[in-house]
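Just final-v8.txt here, compact mmCIF, C-alpha atoms:
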# COMPACT_ATOMS: atom_id res chain seq x y z
CA MET I 1 45.46 27.60 -0.51
CA ALA I 2 45.45 24.00 0.54
CA ARG I 3 42.59 21.86 -0.61
CA PRO I 4 40.65 20.15 2.14
CA SER I 5 41.12 16.43 2.31
CA SER I 6 38.28 14.34 0.93
CA ARG I 7 37.39 13.26 4.46
CA GLN I 8 37.09 16.87 5.62
CA ALA I 9 35.07 17.75 2.55
CA ARG I 10 32.56 14.89 2.96
CA PRO I 11 32.03 14.00 6.59
CA PRO I 12 28.28 13.31 6.17
CA THR I 13 29.01 10.86 3.36
CA ALA I 14 31.60 9.10 5.47
CA THR I 15 28.99 8.64 8.20
CA LEU I 16 26.42 7.30 5.77
CA ASP I 17 28.96 4.89 4.33
CA ASP I 18 29.48 3.65 7.87
CA ASP I 19 25.73 3.04 8.10
CA LEU I 20 25.79 0.88 4.98
CA ARG I 21 28.92 -0.95 6.11
CA GLU I 22 27.34 -1.77 9.47
CA ALA I 23 24.10 -2.96 7.87
CA LEU I 24 26.13 -5.22 5.55
CA ARG I 25 28.00 -6.54 8.56
CA ASP I 26 24.67 -7.39 10.20
CA LEU I 27 23.70 -9.20 6.99
CA ASP I 28 26.96 -11.16 7.02
CA GLU I 29 26.24 -12.16 10.60
CA ALA I 30 22.56 -13.01 10.01
CA ALA I 31 23.11 -16.76 9.68
CA ALA I 32 25.12 -16.84 12.90
CA GLU I 33 22.50 -14.71 14.63
CA ALA I 34 19.77 -17.12 13.50
CA ALA I 35 21.74 -20.10 14.79
CA ALA I 36 22.32 -18.37 18.13
CA SER I 37 18.60 -17.56 18.34
CA ASP I 38 17.61 -21.15 17.54
CA ILE I 39 15.67 -20.15 14.42
CA PRO I 40 16.13 -21.42 10.84
CA GLU I 41 19.15 -19.99 9.05
CA PRO I 42 18.33 -17.89 6.00
CA SER I 43 19.25 -19.40 2.64
CA SER I 44 22.04 -18.04 0.47
CA VAL I 45 19.32 -16.84 -1.94
CA ALA I 46 17.72 -14.78 0.82
CA ILE I 47 21.08 -13.32 1.80
CA ASP I 48 22.00 -12.48 -1.80
CA ASN I 49 18.62 -10.85 -2.37
CA ALA I 50 18.93 -8.89 0.85
CA ARG I 51 22.38 -7.64 -0.20
CA GLN I 52 20.98 -6.45 -3.53
CA LEU I 53 17.95 -4.77 -1.96
CA LEU I 54 19.92 -3.21 0.87
CA ALA I 55 22.09 -1.47 -1.72
CA ALA I 56 19.00 -0.31 -3.61
CA MET I 57 17.36 1.01 -0.45
CA TYR I 58 20.53 2.78 0.58
CA ASP I 59 20.74 4.38 -2.86
CA ALA I 60 17.11 5.50 -2.52
CA ALA I 61 17.45 6.92 0.98
CA PRO I 62 20.82 6.68 2.77
CA ARG I 63 20.29 5.82 6.43
CA ARG I 64 20.96 3.06 8.92
CA PHE I 65 18.87 0.02 8.01
CA GLU I 66 18.37 -2.70 10.56
CA VAL I 67 19.07 -6.16 9.12
CA TYR I 68 18.13 -9.32 10.98
CA PRO I 69 16.86 -12.88 10.52
CA THR I 70 13.24 -13.85 11.21
CA PRO I 71 11.86 -17.07 12.72
CA ASP I 72 10.69 -18.11 9.23
CA GLY I 73 14.15 -18.05 7.67
CA GLU I 74 13.78 -14.63 6.11
CA ILE I 75 16.13 -11.68 6.18
CA ALA I 76 14.44 -8.44 7.23
CA ILE I 77 15.66 -5.06 6.03
CA ASP I 78 13.91 -2.67 8.37
CA ALA I 79 13.62 1.11 8.22
CA PRO I 80 11.71 2.26 11.30
CA SER I 81 11.03 5.96 11.54
CA GLY I 82 10.71 5.91 15.31
CA ARG I 83 7.49 7.89 14.89
CA GLY I 84 5.04 5.05 14.37
CA SER I 85 5.85 4.18 10.77
CA SER I 86 8.27 1.93 8.93
CA VAL I 87 9.25 0.19 5.72
CA VAL I 88 10.21 -3.47 6.04
CA LEU I 89 11.44 -5.78 3.29
CA LEU I 90 11.38 -9.51 4.03
CA CYS I 91 13.58 -11.66 1.80
CA ALA I 92 12.34 -15.25 1.96
CA SER I 93 14.58 -18.27 1.70
CA GLY I 94 12.74 -19.33 -1.46
CA GLY I 95 13.63 -16.08 -3.19
CA GLY I 96 10.40 -14.10 -2.79
CA VAL I 97 10.28 -10.65 -1.28
CA MET I 98 7.55 -9.01 0.81
CA CYS I 99 7.40 -5.24 1.15
CA LEU I 100 5.48 -3.89 4.17
CA VAL I 101 4.86 -0.17 4.39
CA ASN I 102 3.19 1.27 7.46
CA ALA I 103 2.96 5.02 7.03
CA ALA I 104 0.45 7.87 7.18
CA GLY I 105 -2.03 5.72 9.07
CA ALA I 106 -2.24 3.00 6.42
CA GLN I 107 -0.45 -0.28 5.84
CA ARG I 108 0.41 -1.86 2.49
CA LEU I 109 1.78 -5.30 1.74
CA THR I 110 3.20 -6.21 -1.66
CA ARG I 111 4.77 -9.51 -2.71
CA TYR I 112 7.39 -9.98 -5.39
CA ALA I 113 8.60 -13.29 -6.81
CA ASP I 114 12.20 -12.14 -6.88
CA ALA I 115 14.37 -9.28 -5.66
CA ALA I 116 14.93 -8.14 -9.25
CA GLU I 117 11.19 -7.48 -9.55
CA VAL I 118 11.14 -4.90 -6.75
CA PRO I 119 10.98 -1.57 -8.57
CA ALA I 120 13.50 1.00 -7.38
CA GLU I 121 10.81 3.68 -7.47
CA VAL I 122 8.65 1.67 -5.09
CA LEU I 123 11.49 1.63 -2.57
CA ARG I 124 12.20 5.30 -3.13
CA ASP I 125 8.53 6.28 -2.73
CA ALA I 126 8.07 4.17 0.40
CA LEU I 127 11.18 5.53 2.08
CA SER I 128 10.28 9.08 1.11
CA GLU I 129 6.98 8.61 2.95
CA LEU I 130 8.95 8.10 6.15
CA GLU I 131 11.02 11.21 5.51
CA ALA I 132 7.89 13.23 4.72
CA GLU I 133 6.43 12.30 8.09
CA ALA I 134 9.54 13.66 9.76
CA ASP I 135 9.13 17.07 8.13
CA MET C 1 -0.80 -8.21 45.07
CA GLU C 2 -3.57 -8.63 42.51
CA ALA C 3 -3.96 -6.52 39.43
CA PRO C 4 -7.45 -5.66 38.20
CA GLU C 5 -8.67 -7.96 35.46
CA ASP C 6 -9.85 -5.12 33.28
CA ILE C 7 -7.08 -3.47 31.32
CA ALA C 8 -7.58 0.25 30.83
CA PRO C 9 -6.92 1.70 27.36
CA HIS C 10 -4.20 4.01 28.72
CA GLU C 11 -2.29 1.24 30.52
CA GLU C 12 1.29 0.79 29.41
CA LEU C 13 2.22 -2.74 28.39
CA GLY C 14 5.82 -3.89 28.07
CA ARG C 15 7.19 -6.65 25.86
CA GLY C 16 10.30 -7.82 27.70
CA LEU C 17 13.52 -8.07 25.71
CA SER C 18 16.38 -10.42 26.48
CA SER C 19 18.46 -10.18 23.30
CA SER C 20 21.55 -8.00 23.52
CA ARG C 21 21.60 -7.56 19.74
CA ASN C 22 18.00 -6.39 19.67
CA ALA C 23 18.58 -4.12 22.66
CA ARG C 24 21.33 -2.41 20.65
CA ARG C 25 18.94 -2.07 17.72
CA ALA C 26 16.27 -0.63 19.99
CA ARG C 27 18.65 1.96 21.43
CA ARG C 28 19.81 2.89 17.93
CA SER C 29 16.45 2.98 16.11
CA ASN C 30 13.76 0.47 17.07
CA LEU C 31 13.19 -3.17 17.85
CA PRO C 32 12.91 -5.78 15.12
CA ILE C 33 9.31 -6.59 14.23
CA THR C 34 10.11 -10.18 15.17
CA GLU C 35 9.91 -9.21 18.84
CA PHE C 36 6.15 -9.03 18.26
CA TRP C 37 5.76 -12.47 16.71
CA PRO C 38 4.25 -14.95 19.17
CA ARG C 39 6.99 -17.28 20.39
CA ALA C 40 6.74 -21.00 19.79
CA ASN C 41 5.32 -21.77 23.22
CA GLU C 42 3.01 -18.74 23.41
CA SER C 43 -0.64 -18.51 22.44
CA GLY C 44 -0.44 -14.73 22.36
CA ILE C 45 2.23 -12.09 22.76
CA SER C 46 3.36 -11.99 26.37
CA VAL C 47 3.55 -8.56 28.00
CA ASP C 48 3.88 -7.04 31.46
CA ARG C 49 1.37 -4.49 32.74
CA LEU C 50 3.85 -1.77 33.58
CA THR C 51 1.37 0.82 34.81
CA GLU C 52 -0.16 -1.59 37.29
CA ALA C 53 3.11 -3.13 38.42
CA GLY C 54 5.12 0.05 38.84
CA SER C 55 8.74 0.35 37.78
CA ALA C 56 10.47 -1.45 40.65
CA GLU C 57 8.11 -4.44 40.72
CA ALA C 58 8.05 -4.76 36.93
CA LEU C 59 11.85 -4.87 36.89
CA ARG C 60 12.01 -7.41 39.71
CA ILE C 61 9.60 -9.72 37.88
CA ALA C 62 11.39 -9.34 34.54
CA ASP C 63 14.84 -9.91 36.06
CA ARG C 64 13.69 -13.04 37.85
CA ARG C 65 11.91 -14.40 34.79
CA ASP C 66 14.94 -13.99 32.55
CA ALA C 67 17.37 -15.23 35.20
CA GLU C 68 15.36 -18.45 35.46
CA ARG C 69 15.76 -18.86 31.69
CA GLY C 70 19.47 -18.12 31.81
CA ARG C 71 18.96 -14.82 30.03
CA THR C 72 19.53 -11.15 30.76
CA PHE C 73 16.73 -8.63 30.84
CA TYR C 74 17.49 -5.42 28.91
CA GLY C 75 14.20 -3.53 28.84
CA TRP C 76 10.74 -3.36 27.33
CA ALA C 77 9.07 -2.38 24.09
CA VAL C 78 6.26 -0.29 25.54
CA LEU C 79 2.88 0.43 23.99
CA VAL C 80 -0.48 1.44 25.39
CA ALA C 81 -3.28 -1.12 25.62
CA GLU C 82 -5.47 0.83 23.25
CA ALA C 83 -2.94 0.47 20.42
CA ALA C 84 -2.25 -3.15 21.30
CA GLY C 85 -5.97 -3.92 21.01
CA GLN C 86 -6.56 -2.40 17.59
CA ASN C 87 -7.20 -4.18 14.28
CA GLY C 88 -8.90 -7.23 15.72
CA ARG C 89 -6.37 -7.86 18.50
CA ARG C 90 -7.38 -8.26 22.14
CA VAL C 91 -5.47 -7.62 25.33
CA VAL C 92 -6.25 -10.11 28.08
CA ALA C 93 -5.02 -10.19 31.67
CA THR C 94 -3.38 -13.57 32.22
CA PRO C 95 -1.77 -13.40 35.67
CA ILE C 96 0.72 -16.14 36.47
CA PRO C 97 0.14 -17.32 40.04
CA ASP C 98 3.04 -16.73 42.44
CA THR C 99 5.19 -15.35 39.64
CA ASN C 100 3.69 -12.48 37.72
CA PRO C 101 0.31 -11.04 38.69
CA TYR C 102 0.84 -8.37 36.02
CA HIS C 103 1.16 -10.74 33.08
CA ALA C 104 -1.08 -10.12 30.06
CA GLU C 105 -1.28 -11.30 26.49
CA ILE C 106 -1.92 -9.54 23.23
CA VAL C 107 -4.07 -12.05 21.39
CA LEU C 108 -4.01 -11.90 17.61
CA PRO C 109 -7.08 -12.77 15.54
CA GLU C 110 -7.30 -16.52 14.91
CA SER C 111 -6.77 -15.92 11.22
CA ALA C 112 -3.25 -14.62 11.93
CA ALA C 113 -2.19 -18.11 13.03
CA ARG C 114 -2.98 -19.42 9.55
CA ASP C 115 -1.93 -16.41 7.53
CA GLY C 116 1.70 -15.42 7.64
CA ASP C 117 1.01 -12.13 5.88
CA GLU C 118 -1.47 -11.13 8.57
CA LEU C 119 0.97 -12.14 11.30
CA ARG C 120 3.59 -9.86 9.79
CA ARG C 121 1.12 -7.00 9.48
CA HIS C 122 0.28 -7.22 13.17
CA ALA C 123 3.95 -7.48 14.13
CA GLN C 124 4.80 -4.34 12.19
CA GLN C 125 1.83 -2.42 13.61
CA LEU C 126 2.69 -3.39 17.18
CA ARG C 127 6.37 -2.63 16.79
CA ASP C 128 5.66 0.75 15.21
CA ALA C 129 3.27 1.59 18.04
CA SER C 130 5.93 0.80 20.63
CA SER C 131 8.88 2.68 22.01
CA TRP C 132 11.96 1.40 23.79
CA ARG C 133 12.23 1.67 27.54
CA ASP C 134 15.59 0.60 28.89
CA ARG C 135 15.79 -1.22 32.22
CA SER C 136 17.52 1.85 33.60
CA TRP C 137 14.04 3.44 33.62
CA SER C 138 13.59 1.60 36.88
CA GLY C 139 16.81 3.03 38.28
CA ALA C 140 18.60 -0.24 37.62
CA ALA C 141 22.17 -0.49 36.40
CA ALA C 142 22.82 -1.65 32.86
CA PRO C 143 23.58 -5.40 32.65
Do you think you could lay out the structure here as structure tokens?
Amino acid sequence: MARPSSRQARPPTATLDDDLREALRDLDEAAAEAAASDIPEPSSVAIDNARQLLAAMYDAAPRRFEVYPTPDGEIAIDAPSGRGSSVVLLCASGGGVMCLVNAAGAQRLTRYADAAEVPAEVLRDALSELEAEAD
Amino acid sequence: MEAPEDIAPHEELGRGLSSSRNARRARRSNLPITEFWPRANESGISVDRLTEAGSAEALRIADRRDAERGRTFYGWAVLVAEAAGQNGRRVVATPIPDTNPYHAEIVLPESAARDGDELRRHAQQLRDASSWRDRSWSGAAAP
């Protein structure tokens, strides 16, 4: 009996990989998007931090993350649930990271001095709150 | 046509969107929270009173406004006035004579102008309370 090809065996994974690839493409284009929007371009530190955190968030909860520049030179990694809640990471040009969680009727804001200080379990817990609301 | 000055809690307010990238994001998941940051020349967050204007008039006003700015109008982030006015925010009718009698502003607390964290909190709350309404809602063709 012929074995299924890897693509046939893992179509959901292929789709999720597309989600990550597209989010990384948005990150690569963030500086150009900022320039086109007449807002400050994010620093290379912000972009590097966003790349690191995007991978961590995708590991925690694979989905399509929206990545875009902000008027203050940050890179946003945004996970909206579409049901009134979201998790947003803001990677500042100076290297700091802000984590905003709006879920279950409450909002939390946490600041980190560096992307490496953002605990993986914090990301996992925050993103799981969004999934729990969907259930 | 004049809109009443008082804004009812159930009124739908629309934040007009003229970014093709953000329109794609809105169709896919939701708008960026940055759509709810006051723009450089705005004292509050500009919105259209969709319930009062009605779909055809709201679209006509939005199309004309963006055309004058050399932009394309894609749709609105829509939220009800009650949600817009929570957590210290106010919704104020600010009609623009001869242009937009249905213009209103979501005014953030003064402290948000000095506190970037608070600004971001409001932006996230407002975005999460909103839902995307494409221009085709008004029966218009996609741009």
Close residues, Arg64 in chain C itself excluded, 12 Å, only C-alpha atoms, min 4 positions apart in chain, as a list in words
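Once the adjacent positions are removed, what remains is Gly16, Ser18, Glu57, Ala58, Leu59, Arg60, Glu68, Arg69, Gly70, Arg71, Thr72, Phe73, Thr99 and Asn100 of chain C.
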With only C-alpha atoms considered, list every residue of chain I at most 8 Å from chain C, as a PyMOL selection string.
chain I and resi 66+68+70-71+78+80-86+100+102+107+109
Coordinates-based distance that separates CA of Leu13 in chain C from CA of Val78 in chain C (Å, one decimal)
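A separation of 5.5 Å between them.
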Could you tell me how far CA of Ser20 in chain C sits from CA of Pro62 in chain I, in Å to one decimal place?
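So the two atoms, CA of Pro62 in chain I and CA of Ser20 in chain C, lie 25.4 Å apart.
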May I ask for the distance between CA of Glu42 in chain C and CA of Arg24 in chain C, given in Å to one decimal place?
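Straight-line distance from CA of Glu42 in chain C to CA of Arg24 in chain C works out to 24.7 Å.
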Quick one: everything within 7 Å of Tyr74 in chain C, counting all atoms listed in the file, minus sequence neighbours fewer than 3 positions away in the same chain. Send it as a ChimeraX atom specification.
/C:17-18,23,134-135
Report as a PyMOL selection string all protein, DNA and RNA residues lying within 12 Å of range 88-94 of chain C, evaluated on all atoms listed in the file, omitting residues in the same chain fewer than 5 positions from it.
chain C and resi 2-9+11-13+43-49+52+79-83+99-112+118-119+121-123+125-126
Build an axis-aligned box that encloses every atom of range 61-68 of chain I listed in the file, pad it by 6 Å on each side, and report its centre and edge lengths in Å to one decimal, as JSON.
{"center_x": 19.2, "center_y": -1.2, "center_z": 6.0, "size_x": 15.5, "size_y": 28.2, "size_z": 22.0}
Please, which residues are within 9 Å of (17.1, -22.6, 8.5) by the file's coordinates, counting only C-alpha atoms, and could they come as a list in words?
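Here is the list of nearby residues: Ala31, Ala34, Ala35, Ile39, Pro40, Glu41, Pro42, Ser43, Pro71, Asp72, Gly73, Glu74 and Ser93 of chain I.
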Mind writing the picked residues with C-alpha atoms as an mmCIF file, in the frame of the given file?
data_model
loop_
_atom_site.group_PDB
_atom_site.id
_atom_site.type_symbol
_atom_site.label_atom_id
_atom_site.label_comp_id
_atom_site.auth_asym_id
_atom_site.auth_seq_id
_atom_site.Cartn_x
_atom_site.Cartn_y
_atom_site.Cartn_z
ATOM 1 C CA ALA I 31 23.110 -16.760 9.680
ATOM 2 C CA ALA I 34 19.770 -17.120 13.500
ATOM 3 C CA ALA I 35 21.740 -20.100 14.790
ATOM 4 C CA ILE I 39 15.670 -20.150 14.420
ATOM 5 C CA PRO I 40 16.130 -21.420 10.840
ATOM 6 C CA GLU I 41 19.150 -19.990 9.050
ATOM 7 C CA PRO I 42 18.330 -17.890 6.000
ATOM 8 C CA SER I 43 19.250 -19.400 2.640
ATOM 9 C CA PRO I 71 11.860 -17.070 12.720
ATOM 10 C CA ASP I 72 10.690 -18.110 9.230
ATOM 11 C CA GLY I 73 14.150 -18.050 7.670
ATOM 12 C CA GLU I 74 13.780 -14.630 6.110
ATOM 13 C CA SER I 93 14.580 -18.270 1.700
#
Within 10 Å of range 24-29 of chain I using all atoms listed in the file, minus same-chain residues under 5 positions, as a list in words:
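Residues meeting the cut-off are Asp18, Asp19, Ala34, Ile47, Asp48, Ala50, Arg51, Leu54, Ala55, Phe65, Glu66, Val67, Tyr68, Pro69, Ile75, Ala76 and Ile77 of chain I.
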Let me make sure I understand: among I:Ala60, I:Ala79, I:Ala103, I:Met98, which one has the smallest atom-to-atom distance to Ala132 in chain I if we use all atoms listed in the file?
I:Ala103
Pick the closest to Arg108 in chain I from I:Ala46, I:Leu89, I:Leu20, I:Leu53: which is it, counting only C-alpha atoms?
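Selected residue with least distance to Arg108 in chain I: I:Leu89.
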Using only C-alpha atoms: which of I:Asp125, I:Glu33, I:Glu117, I:Glu22 has the shortest distance to Val97 in chain I
I:Glu117
If we count all atoms listed in the file, what is near range 118-120 of chain I at a cut-off of 9 Å, once residues fewer than 3 positions away on the same chain are taken out, given as a PDB file with C-alpha atoms, keeping the file's coordinate frame?
ATOM      1  CA  LEU I  53      17.950  -4.770  -1.960  1.00  0.00           C
ATOM      2  CA  ALA I  56      19.000  -0.310  -3.610  1.00  0.00           C
ATOM      3  CA  MET I  57      17.360   1.010  -0.450  1.00  0.00           C
ATOM      4  CA  ALA I  60      17.110   5.500  -2.520  1.00  0.00           C
ATOM      5  CA  VAL I  97      10.280 -10.650  -1.280  1.00  0.00           C
ATOM      6  CA  CYS I  99       7.400  -5.240   1.150  1.00  0.00           C
ATOM      7  CA  ARG I 111       4.770  -9.510  -2.710  1.00  0.00           C
ATOM      8  CA  TYR I 112       7.390  -9.980  -5.390  1.00  0.00           C
ATOM      9  CA  ALA I 113       8.600 -13.290  -6.810  1.00  0.00           C
ATOM     10  CA  ASP I 114      12.200 -12.140  -6.880  1.00  0.00           C
ATOM     11  CA  ALA I 115      14.370  -9.280  -5.660  1.00  0.00           C
ATOM     12  CA  LEU I 123      11.490   1.630  -2.570  1.00  0.00           C
ATOM     13  CA  ARG I 124      12.200   5.300  -3.130  1.00  0.00           C
ATOM     14  CA  ASP I 125       8.530   6.280  -2.730  1.00  0.00           C
TER      15      ASP I 125
END
